[in-house]
Every structure is written in structure tokens, then in C-alpha cells.
Amino acid sequence: MITLALPGQITPRTHRLAVATWFFLQGLIFASWASRIPTIQQRLGLTEGDLGLLLLAIPLGQLPSLPLTGWLVHKYGSRRTALAGSMIYSSALVGLGWAPSLWLLVPCLVLFGFASNLMNISINTQAVGVEALYPKPIMASFHGMWSLAGFTGAAIGTAMIGWGVLPEFHFLLILALIMVGAMLSFNGLLPHSVSEDAAEQPLFVLPDRTLLSLGAIAFCALICEGAMFDWSGVYFKKVVQADKGWVGAGYTAFMSTMALGRFGADWLTARLGPRAVIQLSGCLTAVGLLIAVSFPTLGPALFGFMLVGFGTSSVVPLVYSAAGKSTVMSAGMALAAVSTIGFLGFLIGPPIIGLVAGATSLRMSYSLIAVMGLCVAAVASKAKL
């Protein structure tokens, strides 16, 4: 347990544990919502098409929050912004559970999306600061905690469904856990002094060439991630033609190796360097997807999806780590700039899959995503890392 200690008593390890806790809390909030989407869909009588349109409310809230969060982190500090973000994010989650109609659910989703980036950028800024206290890379392990929280949140959600607990009471429990976790670990977060020129920091800052390169890597990587998150089940159902009990196996394989890869990426980065690791990651992503496309049967497809999980696991953490060391703008603003570019890839990736699949086939769509993996490796070879 992280106890409330005097500033002079807080060690780098305490900071690391605290920031890791906040990554876990953020992942738990998102996974809790994801686990109850089918329940809320059934309650409101939504079709798949209705649900798809409804979920666009989340990125609608995320997009404007990216540049604003960078400015807030720069002006008020990442610790305060993380606290505000966690309270809004978890409260919006409760709102999603209680919303009795579509008209109330939509604004809650917009707020949920806004707060997710408020928390995401601020805790990644914290992670950049904590990593600077260590002689070795540790950024990927923080993102591994987010992935671990995904499994935890899914397990809690499955238990709640099995016990017949309504989403509103499930989410109230998560809110209580978030408040306790935040209270116990808040003092372990890095302090921040408002810089003297914060008032002059513009809300929108154009990234330099280095940050644009990092954003391009994140863009390509998140196209791959978005495709895996949204289309894995469909691919195993329609292309692999897996039995009903194995339809979700591809997604599980991808998520498992993604989490495992994040906990091992720091060790690998310390030995090979971030550029080599990102290049290797891009190649693994491409090879994994091509295996799944070339041999669309259960065994090879599972193996391919596992490679994709390993491939995508370290790219975003390493890009964030590099962006946080920018010399042309504050860490929060730099992370927001790179996140904005990367987020566009996550946003447009799944629709592109659908459009290409409609015009050709789902296998052709996944072949196109494999090219994005090669683009990650190519851009990394010239980016400043």
C-alpha cells in the first residue's frame, strides 16, 4: 500500500508504484464500461447499427480534450489534472450506468470520452517524469498495468453479470474503488510547479518535425490496434470460421501477448534501444497479420494474432516516452500533440477496415493493416528516438 508520506520520504520507487496505480485505475474504468456495453444495449433496445453510432460519442468528447488537456497539464500540473480527470471519468462511468434513455446516455458518453483523455495525458506526463528518475526505460510497464486492468475489469464485469448486478450498482462499486485508490496513491505522484510562462502558453501548438514523426508512428500503430480491438471477433467468425466458443479467442490472444509484451518491452528497450524495438514491433505486426491472412485457420490465425499483440505492445509507450522529452514544448503539450495524431489512426482504422472489406474482402483489409505495421518500422528508422 502506498501511504501518505512526507515529500522528503518519497522515493523513486514510491513514485513508480503510485503512477502504476493510476494507470491501473484508468484501465479499470474503461474496462468496466466495455464489459457492460451489451447489457446497456439490451436495456435501451439498441440495434448494432444504433450502438455503433452511439459509441461515436466517445471520440466526439476525446478530440477536443487532447489539446486542452496538454494546456491544463502545463498550467496546473499533471498531478492536479490527473485527480480532476479521475473524478470526472469515474463519475461519468456511473452516469452511463444510470442513464435511463439515449438522450441522457449520449452526453454522458461525450463526458466519458473527454475525461478519459484528461486522465490519460496527465498520467502519461507523470510516467515521463518518473522514467527520468530511473537509469533504464520503464514506460512500457506502466502501459502494461493498463492492460492488466483490462483483464481485471472484464473479470469483474463477467462476475457482476453472472450475479445479476445492474450496471449502475456495478459502476458505483468501481467509483468507490477509484476514490480509494486515488486517495492512497495521490501523494506518491510527482509534484509539479506551475511554470512562470504558463499563462503565455498557447492552447494550440504546432508540433515540430520530430513530434510529427512520432505522431506518424503512433498513427500507424493505432490503426493496427483499432483494427484488432474492433474486428478480431468478426475475422475469426467470418474468415477463420471458428466454432462459436472460439470466436473470441483471437481477441484474447492479441490482448494477452500485448499485456505480456508491455511488461517485457522495457527490458528489451534497455538492450536494443527504442528505435530497434519499434522497428521489430512493426515487423512483428506485419508478419502476424500476414500469417493470419495467408493461413486463415484456427491455429495459424491465433499464432498470427499473438505476434500482432507482441508487435503493438511497445510502440505507443516508447513513442510517448520520446515525446515527453521534447525540447520545444512542455511534456504535456508534446504528449497531447502526438496523442492527437495517433488518435486519428485509432479513430479511422476500424471504418477503413469496414470500407475495404465491403469493396473487397476482410482478408484484404487485414493485408492493408499489415502495411501499416511496415510503415511503423519505416518511419522509426528516420525518427528521432
# chains A, B, ... in the order shown; residues from 1 in each chain; ligands from 1

call {"tool": "select_by_dssp", "arguments": {"residues": "range 217-337 of chain A", "states": "alpha helix (DSSP H)", "output": "PyMOL selection string"}}
result
chain A and resi 217-238+249-272+274-294+298-313+315-323+331-337

call {"tool": "residues_around", "arguments": {"residues": "range 86-97 of chain A", "least_positions_apart": "2", "cutoff": "9 Å", "atoms": "only C-alpha atoms", "output": "ChimeraX atom specification"}}
result
/A:22,25-26,29-30,32-33,36,40,81-84,99-100,104-106,108-109,111-116,118-119,166-172,174-176,178-179,182

call {"tool": "atom_distance", "arguments": {"atom1": "CA of Leu177 in chain A", "atom2": "CA of Ser313 in chain A"}}
result
26.8 Å

call {"tool": "residues_around", "arguments": {"residues": "range 141-143 of chain A", "least_positions_apart": "3", "cutoff": "12 Å", "atoms": "only C-alpha atoms", "output": "count of residues only"}}
result
51

call {"tool": "closest_residue", "arguments": {"among": "A:Thr340, A:Leu44, A:Ser381, A:Met364", "to": "Leu206 in chain A", "atoms": "only C-alpha atoms"}}
result
A:Thr340

call {"tool": "closest_residue", "arguments": {"among": "A:Met372, A:Ala331, A:Ala377, A:Leu133", "to": "His74 in chain A", "atoms": "only C-alpha atoms"}}
result
A:Ala331

call {"tool": "closest_atom_pairs", "arguments": {"of": "range 297-354 of chain A", "to": "range 276-290 of chain A", "cutoff": "6 Å", "atoms": "only C-alpha atoms", "output": "CSV"}}
result
residue,atom,partner,partner_atom,distance
A:Gly304,CA,A:Gly288,CA,3.9
A:Phe305,CA,A:Gly288,CA,5.9
A:Leu307,CA,A:Gly288,CA,4.9
A:Val308,CA,A:Thr285,CA,4.3
A:Gly311,CA,A:Ser281,CA,4.0
A:Val315,CA,A:Ile278,CA,5.6

call {"tool": "residues_around", "arguments": {"residues": "Phe236 in chain A", "least_positions_apart": "3", "cutoff": "10 Å", "atoms": "only C-alpha atoms", "output": "PyMOL selection string"}}
result
chain A and resi 231-233+239-244+246-251+292+296-298+301-302

call {"tool": "decode", "arguments": {"residues": "range 139-173 of chain A", "atoms": "N, CA, C and O atoms", "output": "compact mmCIF listing (two decimals), in the first residue's frame"}}
result
# COMPACT_ATOMS: atom_id res chain seq x y z
N MET A 139 8.68 2.95 -19.13
CA MET A 139 7.38 3.44 -19.61
C MET A 139 6.43 2.30 -19.99
O MET A 139 5.24 2.34 -19.66
N ALA A 140 6.94 1.28 -20.68
CA ALA A 140 6.04 0.21 -21.15
C ALA A 140 5.37 -0.53 -20.00
O ALA A 140 4.23 -0.98 -20.13
N SER A 141 6.07 -0.65 -18.87
CA SER A 141 5.47 -1.36 -17.73
C SER A 141 4.24 -0.62 -17.20
O SER A 141 3.29 -1.25 -16.71
N PHE A 142 4.23 0.71 -17.30
CA PHE A 142 3.05 1.46 -16.89
C PHE A 142 1.86 1.10 -17.78
O PHE A 142 0.75 0.88 -17.29
N HIS A 143 2.10 1.04 -19.08
CA HIS A 143 1.03 0.68 -20.00
C HIS A 143 0.61 -0.77 -19.82
O HIS A 143 -0.54 -1.14 -20.09
N GLY A 144 1.55 -1.60 -19.34
CA GLY A 144 1.20 -2.97 -19.00
C GLY A 144 0.18 -3.04 -17.88
O GLY A 144 -0.70 -3.91 -17.87
N MET A 145 0.26 -2.10 -16.94
CA MET A 145 -0.73 -2.04 -15.86
C MET A 145 -2.12 -1.71 -16.41
O MET A 145 -3.13 -2.21 -15.91
N TRP A 146 -2.17 -0.87 -17.43
CA TRP A 146 -3.46 -0.55 -18.07
C TRP A 146 -4.04 -1.82 -18.69
O TRP A 146 -5.24 -2.10 -18.55
N SER A 147 -3.20 -2.59 -19.37
CA SER A 147 -3.67 -3.85 -19.98
C SER A 147 -4.12 -4.83 -18.91
O SER A 147 -5.13 -5.52 -19.07
N LEU A 148 -3.37 -4.92 -17.82
CA LEU A 148 -3.74 -5.81 -16.72
C LEU A 148 -5.09 -5.42 -16.13
O LEU A 148 -5.92 -6.27 -15.80
N ALA A 149 -5.32 -4.11 -16.04
CA ALA A 149 -6.61 -3.63 -15.54
C ALA A 149 -7.74 -4.02 -16.49
O ALA A 149 -8.88 -4.24 -16.05
N GLY A 150 -7.42 -4.11 -17.78
CA GLY A 150 -8.44 -4.53 -18.74
C GLY A 150 -8.96 -5.93 -18.44
O GLY A 150 -10.17 -6.19 -18.46
N PHE A 151 -8.03 -6.85 -18.12
CA PHE A 151 -8.44 -8.20 -17.76
C PHE A 151 -9.22 -8.20 -16.44
O PHE A 151 -10.21 -8.90 -16.29
N THR A 152 -8.75 -7.38 -15.49
CA THR A 152 -9.41 -7.31 -14.19
C THR A 152 -10.83 -6.77 -14.33
O THR A 152 -11.78 -7.32 -13.75
N GLY A 153 -10.97 -5.69 -15.09
CA GLY A 153 -12.28 -5.09 -15.29
C GLY A 153 -13.23 -6.04 -16.00
O GLY A 153 -14.42 -6.11 -15.67
N ALA A 154 -12.70 -6.79 -16.98
CA ALA A 154 -13.54 -7.75 -17.70
C ALA A 154 -13.99 -8.87 -16.78
O ALA A 154 -15.15 -9.31 -16.83
N ALA A 155 -13.09 -9.31 -15.88
CA ALA A 155 -13.45 -10.38 -14.94
C ALA A 155 -14.51 -9.90 -13.95
O ALA A 155 -15.47 -10.63 -13.66
N ILE A 156 -14.35 -8.68 -13.44
CA ILE A 156 -15.34 -8.13 -12.52
C ILE A 156 -16.69 -7.98 -13.23
O ILE A 156 -17.75 -8.32 -12.68
N GLY A 157 -16.65 -7.48 -14.47
CA GLY A 157 -17.88 -7.32 -15.24
C GLY A 157 -18.59 -8.64 -15.47
O GLY A 157 -19.82 -8.74 -15.35
N THR A 158 -17.83 -9.69 -15.80
CA THR A 158 -18.41 -11.01 -16.00
C THR A 158 -19.07 -11.52 -14.72
O THR A 158 -20.18 -12.08 -14.75
N ALA A 159 -18.40 -11.29 -13.59
CA ALA A 159 -18.98 -11.71 -12.30
C ALA A 159 -20.26 -10.94 -12.00
O ALA A 159 -21.25 -11.52 -11.54
N MET A 160 -20.24 -9.64 -12.27
CA MET A 160 -21.42 -8.82 -12.00
C MET A 160 -22.61 -9.26 -12.85
O MET A 160 -23.76 -9.31 -12.38
N ILE A 161 -22.35 -9.60 -14.10
CA ILE A 161 -23.41 -10.08 -14.98
C ILE A 161 -23.95 -11.41 -14.47
O ILE A 161 -25.16 -11.64 -14.42
N GLY A 162 -23.02 -12.28 -14.06
CA GLY A 162 -23.44 -13.58 -13.54
C GLY A 162 -24.27 -13.47 -12.28
O GLY A 162 -25.18 -14.29 -12.06
N TRP A 163 -23.97 -12.48 -11.46
CA TRP A 163 -24.72 -12.29 -10.21
C TRP A 163 -25.97 -11.43 -10.39
O TRP A 163 -26.71 -11.20 -9.44
N GLY A 164 -26.19 -10.97 -11.62
CA GLY A 164 -27.38 -10.16 -11.89
C GLY A 164 -27.30 -8.75 -11.33
O GLY A 164 -28.35 -8.11 -11.10
N VAL A 165 -26.10 -8.22 -11.12
CA VAL A 165 -25.94 -6.86 -10.60
C VAL A 165 -26.15 -5.86 -11.73
O VAL A 165 -25.54 -5.98 -12.80
N LEU A 166 -27.00 -4.88 -11.52
CA LEU A 166 -27.27 -3.87 -12.53
C LEU A 166 -26.03 -3.00 -12.77
O LEU A 166 -25.23 -2.80 -11.84
N PRO A 167 -25.87 -2.46 -13.99
CA PRO A 167 -24.69 -1.64 -14.30
C PRO A 167 -24.50 -0.46 -13.35
O PRO A 167 -23.38 -0.12 -12.99
N GLU A 168 -25.61 0.18 -12.92
CA GLU A 168 -25.48 1.35 -12.06
C GLU A 168 -24.81 1.01 -10.72
O GLU A 168 -23.98 1.78 -10.21
N PHE A 169 -25.13 -0.15 -10.17
CA PHE A 169 -24.51 -0.55 -8.89
C PHE A 169 -23.09 -1.09 -9.09
O PHE A 169 -22.21 -0.89 -8.25
N HIS A 170 -22.89 -1.76 -10.21
CA HIS A 170 -21.54 -2.20 -10.59
C HIS A 170 -20.61 -0.99 -10.70
O HIS A 170 -19.51 -0.98 -10.14
N PHE A 171 -21.07 0.05 -11.39
CA PHE A 171 -20.24 1.23 -11.61
C PHE A 171 -20.04 2.05 -10.34
O PHE A 171 -19.02 2.72 -10.17
N LEU A 172 -21.02 2.01 -9.44
CA LEU A 172 -20.83 2.66 -8.14
C LEU A 172 -19.71 1.98 -7.35
O LEU A 172 -18.92 2.66 -6.67
N LEU A 173 -19.63 0.67 -7.44
CA LEU A 173 -18.54 -0.05 -6.79
C LEU A 173 -17.19 0.36 -7.38
O LEU A 173 -16.22 0.60 -6.64
